[in-house]
Amino acid sequence: MAAIPALLPSTAFRDQLRRRGGESAARCYQCATCSSVCELAPAARPFPRRQMLLAQWGMADQLAADPAVWLCHQCNDCTVRCPRDARPGDVLGAVRSLAIEKLAFPGFLGKLVGAARLTWPLLLALPVLFWVTLLGLTGRLTPPAGLEAGWAYDALVPHSFIYAVYFPVAAWVILASWVAGRRFWTALGASGPRSGSFLGNLMPALVEVATHKRFGSCGAARPRKLGHLTLLWGFVGAAVTSGLLIVGMYIQHLPMPLALDHPYKILGNVSAGLLIVGAAILVGNRLGDRKAAGASSAFDTFFLSVVVLVIATGMVVELARLAHAPSFALSSYILHLGFVLCLFLTFPYSKFAHMLYRTLAMVHARMAGLEKR
Ligand code: SF4
Ligand code: SF4
């Protein structure tokens, strides 16, 4: 006789889910309308009806290892059709935020960012305070006297300071993401057998991420797809520009700051434009049809707020330099550096981490034959 699997319902998990905006799970009466309308669910393993049941029972471990939780794009096609207003799209969003916290390395940082409703002022203020302290201790809290028009930000905050802070932070983020990603991958493996190579399945998954093709098949979230995609390409462009600037400075020995018509500068400004448009669409979407857009938890709002602050201060920084206003530029730059640091440091613990987990879930789905084709 086959062993009966252990059921480990958790009342603590149900309480946490309620606090994260998943309280509507209790209203679900398992009619399966949601699973039948979901365009992303494979016929062999439909979701989200089953996940609603697991959420009602408080089955935290099963949900943390369930690829369906991440294959859901929170398009809310199911939410707008649910006859009980159980909001399955939002419930899965709340489950994802708890999964990020559960998988986080180290766990206390996951809890700190997970409690964004209480901790977001601290998470934003500490990195800014760090830069104020560093520049204060090195006598750089005021711009050097006699700056002439055409100065570069290196005159205010030397590049060596930027590298000394962000390279170790990047290494830490990669380590924390790798440990959490491994935990998730191992948990996914327990949910069913996989075949094929990881890399061979990673490439098509990345193409899917880059085009958001499947997201486009959802009905209620078309505007969100556009905002999401624009923001993604804005981030990619900003990352490529940063790399090119390093090449430009140290290999090509280009004079800084670059002229506005230099290709690297154009790429940077186009990327900034994409980030602005993407963030505006997502914020506008949140303020529009609330049911189709989904509930805004503190966890979601924190991430979107940090992105908006990074973009806004980045624009001010560029305009302040062009306007030759060094004091204002330095204050704006300190805020910008602090918000960028916050964005990087919270990557493995905030909604930003969905890039990692969703990609792994998509690779797993391909390898486990769970992908909707
Ligand atoms: S979430 Fe709504 S649509 Fe889905 S099974 Fe429950 S009651 Fe039915
Ligand atoms: S939110 Fe969209 S992708 Fe997620 S389960 Fe509902 S219909 Fe499917």
# chains A, B, ... in the order shown; residues from 1 in each chain; ligands from 1

$ residues_near_ligand --ligand "ligand 2" --cutoff "6 Å" --atoms "only C-alpha atoms and all ligand atoms" --output "count of residues only"
12

$ residues_near_ligand --ligand "ligand 1" --cutoff "12 Å" --atoms "only C-alpha atoms and all ligand atoms" --output "ChimeraX atom specification"
/A:22-38,46-56,76-92

$ select_by_dssp --residues "range 15-233 of chain A" --states "alpha helix (DSSP H)" --output "PyMOL selection string"
chain A and resi 15-17+33-37+49-57+60-64+68-71+77-81+88-103+107-114+116-137+159-189+198-211+222-233

$ atom_distance --atom1 "CA of Lys102 in chain A" --atom2 "CA of Ala60 in chain A"
9.1 Å

$ closest_residue --among "A:Asp261, A:Thr346, A:Val270, A:Leu335" --to "Phe130 in chain A" --atoms "only C-alpha atoms"
A:Leu335

$ residues_around --residues "range 319-334 of chain A" --least-positions-apart "2" --cutoff "10 Å" --atoms "only C-alpha atoms" --output "ChimeraX atom specification"
/A:127-132,135,140-145,147-153,155-157,257,312-317,336-340

$ atom_distance --atom1 "CA of Leu202 in chain A" --atom2 "CA of Leu304 in chain A"
26.8 Å

$ closest_residue --among "A:Leu134, A:Thr230, A:Gln16, A:Ser197" --to "Lys111 in chain A" --atoms "only C-alpha atoms"
A:Gln16

$ closest_residue --among "A:Ala239, A:Leu123, A:Ala68, A:Cys342" --to "Glu371 in chain A" --atoms "only C-alpha atoms"
A:Ala68

$ atom_distance --atom1 "CA of Ser271 in chain A" --atom2 "CA of Phe235 in chain A"
7.1 Å

$ residues_around --residues "Pro67 in chain A" --least-positions-apart "6" --cutoff "8 Å" --atoms "only C-alpha atoms" --output "PyMOL selection string"
chain A and resi 188+361-362+364-365

$ write_last_selection --atoms "C-alpha atoms" --output "PDB file, in the first residue's frame"
ATOM      1  CA  LEU A 188      10.697  22.076  -7.124  1.00  0.00           C
ATOM      2  CA  ALA A 361       9.758  27.775 -12.299  1.00  0.00           C
ATOM      3  CA  MET A 362       9.501  28.192 -16.075  1.00  0.00           C
ATOM      4  CA  HIS A 364      11.309  23.460 -14.223  1.00  0.00           C
ATOM      5  CA  ALA A 365       7.933  23.427 -16.000  1.00  0.00           C
TER       6      ALA A 365
END

$ closest_residue --among "A:Val306, A:Ala279, A:Leu175, A:Ala272" --to "His228 in chain A" --atoms "only C-alpha atoms"
A:Ala279

$ closest_residue --among "A:Gly268, A:Arg14, A:Ala298, A:Ile276" --to "Ser350 in chain A" --atoms "only C-alpha atoms"
A:Ala298

$ decode --residues "range 4-113 of chain A" --atoms "C-alpha atoms" --output "PDB file, in the first residue's frame"
ATOM      1  CA  ILE A   4      -0.055   8.354   2.822  1.00  0.00           C
ATOM      2  CA  PRO A   5       1.701  11.742   2.458  1.00  0.00           C
ATOM      3  CA  ALA A   6       1.954  13.800   5.631  1.00  0.00           C
ATOM      4  CA  LEU A   7      -0.328  16.841   5.725  1.00  0.00           C
ATOM      5  CA  LEU A   8       1.174  19.740   7.608  1.00  0.00           C
ATOM      6  CA  PRO A   9      -1.402  22.521   7.771  1.00  0.00           C
ATOM      7  CA  SER A  10      -0.177  25.655   9.513  1.00  0.00           C
ATOM      8  CA  THR A  11      -2.423  28.169  11.255  1.00  0.00           C
ATOM      9  CA  ALA A  12       0.575  30.529  11.469  1.00  0.00           C
ATOM     10  CA  PHE A  13       0.834  30.473   7.668  1.00  0.00           C
ATOM     11  CA  ARG A  14      -2.888  31.208   7.336  1.00  0.00           C
ATOM     12  CA  ASP A  15      -2.449  34.232   9.625  1.00  0.00           C
ATOM     13  CA  GLN A  16       0.558  35.438   7.632  1.00  0.00           C
ATOM     14  CA  LEU A  17      -1.348  34.999   4.377  1.00  0.00           C
ATOM     15  CA  ARG A  18      -4.224  37.040   5.762  1.00  0.00           C
ATOM     16  CA  ARG A  19      -1.860  39.858   6.757  1.00  0.00           C
ATOM     17  CA  ARG A  20      -0.309  39.847   3.253  1.00  0.00           C
ATOM     18  CA  GLY A  21      -3.687  40.382   1.550  1.00  0.00           C
ATOM     19  CA  GLY A  22      -4.669  36.736   0.958  1.00  0.00           C
ATOM     20  CA  GLU A  23      -7.610  36.696   3.388  1.00  0.00           C
ATOM     21  CA  SER A  24     -10.116  36.208   0.524  1.00  0.00           C
ATOM     22  CA  ALA A  25      -8.867  32.604   0.093  1.00  0.00           C
ATOM     23  CA  ALA A  26     -11.341  31.619   2.823  1.00  0.00           C
ATOM     24  CA  ARG A  27     -14.251  32.461   0.483  1.00  0.00           C
ATOM     25  CA  CYS A  28     -13.260  29.900  -2.175  1.00  0.00           C
ATOM     26  CA  TYR A  29     -15.753  27.028  -2.558  1.00  0.00           C
ATOM     27  CA  GLN A  30     -13.717  25.096  -5.156  1.00  0.00           C
ATOM     28  CA  CYS A  31     -15.956  25.636  -8.193  1.00  0.00           C
ATOM     29  CA  ALA A  32     -12.840  25.604 -10.474  1.00  0.00           C
ATOM     30  CA  THR A  33     -14.010  28.514 -12.634  1.00  0.00           C
ATOM     31  CA  CYS A  34     -10.576  30.088 -12.068  1.00  0.00           C
ATOM     32  CA  SER A  35      -8.663  27.080 -13.384  1.00  0.00           C
ATOM     33  CA  SER A  36     -10.890  26.845 -16.437  1.00  0.00           C
ATOM     34  CA  VAL A  37     -10.316  30.504 -17.433  1.00  0.00           C
ATOM     35  CA  CYS A  38      -6.579  30.687 -16.724  1.00  0.00           C
ATOM     36  CA  GLU A  39      -4.771  30.987 -20.053  1.00  0.00           C
ATOM     37  CA  LEU A  40      -1.421  30.075 -18.517  1.00  0.00           C
ATOM     38  CA  ALA A  41      -2.349  26.873 -16.686  1.00  0.00           C
ATOM     39  CA  PRO A  42      -1.437  23.576 -18.412  1.00  0.00           C
ATOM     40  CA  ALA A  43      -4.338  21.165 -18.900  1.00  0.00           C
ATOM     41  CA  ALA A  44      -2.431  18.408 -17.074  1.00  0.00           C
ATOM     42  CA  ARG A  45      -1.876  20.516 -13.906  1.00  0.00           C
ATOM     43  CA  PRO A  46      -4.461  23.331 -13.885  1.00  0.00           C
ATOM     44  CA  PHE A  47      -4.221  26.174 -11.380  1.00  0.00           C
ATOM     45  CA  PRO A  48      -5.167  28.124  -9.245  1.00  0.00           C
ATOM     46  CA  ARG A  49      -8.096  26.110  -7.738  1.00  0.00           C
ATOM     47  CA  ARG A  50      -5.787  23.589  -6.113  1.00  0.00           C
ATOM     48  CA  GLN A  51      -3.528  26.319  -4.736  1.00  0.00           C
ATOM     49  CA  MET A  52      -6.576  28.054  -3.221  1.00  0.00           C
ATOM     50  CA  LEU A  53      -7.317  24.860  -1.309  1.00  0.00           C
ATOM     51  CA  LEU A  54      -3.705  24.600  -0.129  1.00  0.00           C
ATOM     52  CA  ALA A  55      -3.884  28.258   0.987  1.00  0.00           C
ATOM     53  CA  GLN A  56      -7.107  27.617   2.921  1.00  0.00           C
ATOM     54  CA  TRP A  57      -5.481  24.709   4.720  1.00  0.00           C
ATOM     55  CA  GLY A  58      -2.243  26.583   5.391  1.00  0.00           C
ATOM     56  CA  MET A  59      -0.035  24.164   3.454  1.00  0.00           C
ATOM     57  CA  ALA A  60       3.036  26.399   3.393  1.00  0.00           C
ATOM     58  CA  ASP A  61       5.594  23.780   2.327  1.00  0.00           C
ATOM     59  CA  GLN A  62       3.522  22.518  -0.584  1.00  0.00           C
ATOM     60  CA  LEU A  63       2.904  26.055  -1.834  1.00  0.00           C
ATOM     61  CA  ALA A  64       6.583  27.049  -1.522  1.00  0.00           C
ATOM     62  CA  ALA A  65       7.531  24.096  -3.764  1.00  0.00           C
ATOM     63  CA  ASP A  66       4.677  24.515  -6.261  1.00  0.00           C
ATOM     64  CA  PRO A  67       5.790  25.831  -9.684  1.00  0.00           C
ATOM     65  CA  ALA A  68       2.207  26.964 -10.419  1.00  0.00           C
ATOM     66  CA  VAL A  69       2.567  29.706  -7.796  1.00  0.00           C
ATOM     67  CA  TRP A  70       5.239  31.283 -10.024  1.00  0.00           C
ATOM     68  CA  LEU A  71       3.820  30.374 -13.410  1.00  0.00           C
ATOM     69  CA  CYS A  72       0.875  32.603 -12.470  1.00  0.00           C
ATOM     70  CA  HIS A  73       1.464  36.174 -13.757  1.00  0.00           C
ATOM     71  CA  GLN A  74      -1.283  37.713 -11.603  1.00  0.00           C
ATOM     72  CA  CYS A  75      -3.200  38.764 -14.700  1.00  0.00           C
ATOM     73  CA  ASN A  76      -6.409  38.406 -12.646  1.00  0.00           C
ATOM     74  CA  ASP A  77      -8.499  36.863 -15.430  1.00  0.00           C
ATOM     75  CA  CYS A  78      -9.518  34.407 -12.700  1.00  0.00           C
ATOM     76  CA  THR A  79     -10.197  37.110 -10.105  1.00  0.00           C
ATOM     77  CA  VAL A  80     -12.650  39.017 -12.300  1.00  0.00           C
ATOM     78  CA  ARG A  81     -14.617  35.802 -12.972  1.00  0.00           C
ATOM     79  CA  CYS A  82     -14.567  34.203  -9.532  1.00  0.00           C
ATOM     80  CA  PRO A  83     -18.206  33.898  -8.358  1.00  0.00           C
ATOM     81  CA  ARG A  84     -17.158  34.164  -4.691  1.00  0.00           C
ATOM     82  CA  ASP A  85     -14.824  37.159  -4.996  1.00  0.00           C
ATOM     83  CA  ALA A  86     -12.088  34.935  -3.551  1.00  0.00           C
ATOM     84  CA  ARG A  87      -9.519  36.861  -5.636  1.00  0.00           C
ATOM     85  CA  PRO A  88      -7.282  33.889  -6.571  1.00  0.00           C
ATOM     86  CA  GLY A  89      -4.810  36.135  -8.466  1.00  0.00           C
ATOM     87  CA  ASP A  90      -4.226  38.235  -5.359  1.00  0.00           C
ATOM     88  CA  VAL A  91      -4.029  35.161  -3.116  1.00  0.00           C
ATOM     89  CA  LEU A  92      -1.255  33.717  -5.293  1.00  0.00           C
ATOM     90  CA  GLY A  93       0.491  37.117  -5.161  1.00  0.00           C
ATOM     91  CA  ALA A  94       0.400  36.958  -1.350  1.00  0.00           C
ATOM     92  CA  VAL A  95       1.660  33.341  -1.443  1.00  0.00           C
ATOM     93  CA  ARG A  96       4.600  34.443  -3.620  1.00  0.00           C
ATOM     94  CA  SER A  97       5.594  37.147  -1.154  1.00  0.00           C
ATOM     95  CA  LEU A  98       5.592  34.560   1.665  1.00  0.00           C
ATOM     96  CA  ALA A  99       7.546  32.087  -0.498  1.00  0.00           C
ATOM     97  CA  ILE A 100      10.237  34.736  -1.096  1.00  0.00           C
ATOM     98  CA  GLU A 101      10.472  35.211   2.674  1.00  0.00           C
ATOM     99  CA  LYS A 102      10.574  31.473   3.367  1.00  0.00           C
ATOM    100  CA  LEU A 103      13.321  30.806   0.791  1.00  0.00           C
ATOM    101  CA  ALA A 104      15.411  33.879   1.643  1.00  0.00           C
ATOM    102  CA  PHE A 105      19.047  33.692   2.693  1.00  0.00           C
ATOM    103  CA  PRO A 106      19.613  34.807   5.400  1.00  0.00           C
ATOM    104  CA  GLY A 107      16.101  34.400   6.740  1.00  0.00           C
ATOM    105  CA  PHE A 108      16.042  37.538   8.893  1.00  0.00           C
ATOM    106  CA  LEU A 109      16.555  39.773   5.832  1.00  0.00           C
ATOM    107  CA  GLY A 110      13.623  38.037   4.165  1.00  0.00           C
ATOM    108  CA  LYS A 111      11.493  38.820   7.230  1.00  0.00           C
ATOM    109  CA  LEU A 112      12.719  42.434   7.349  1.00  0.00           C
ATOM    110  CA  VAL A 113      11.724  43.150   3.735  1.00  0.00           C
TER     111      VAL A 113
END
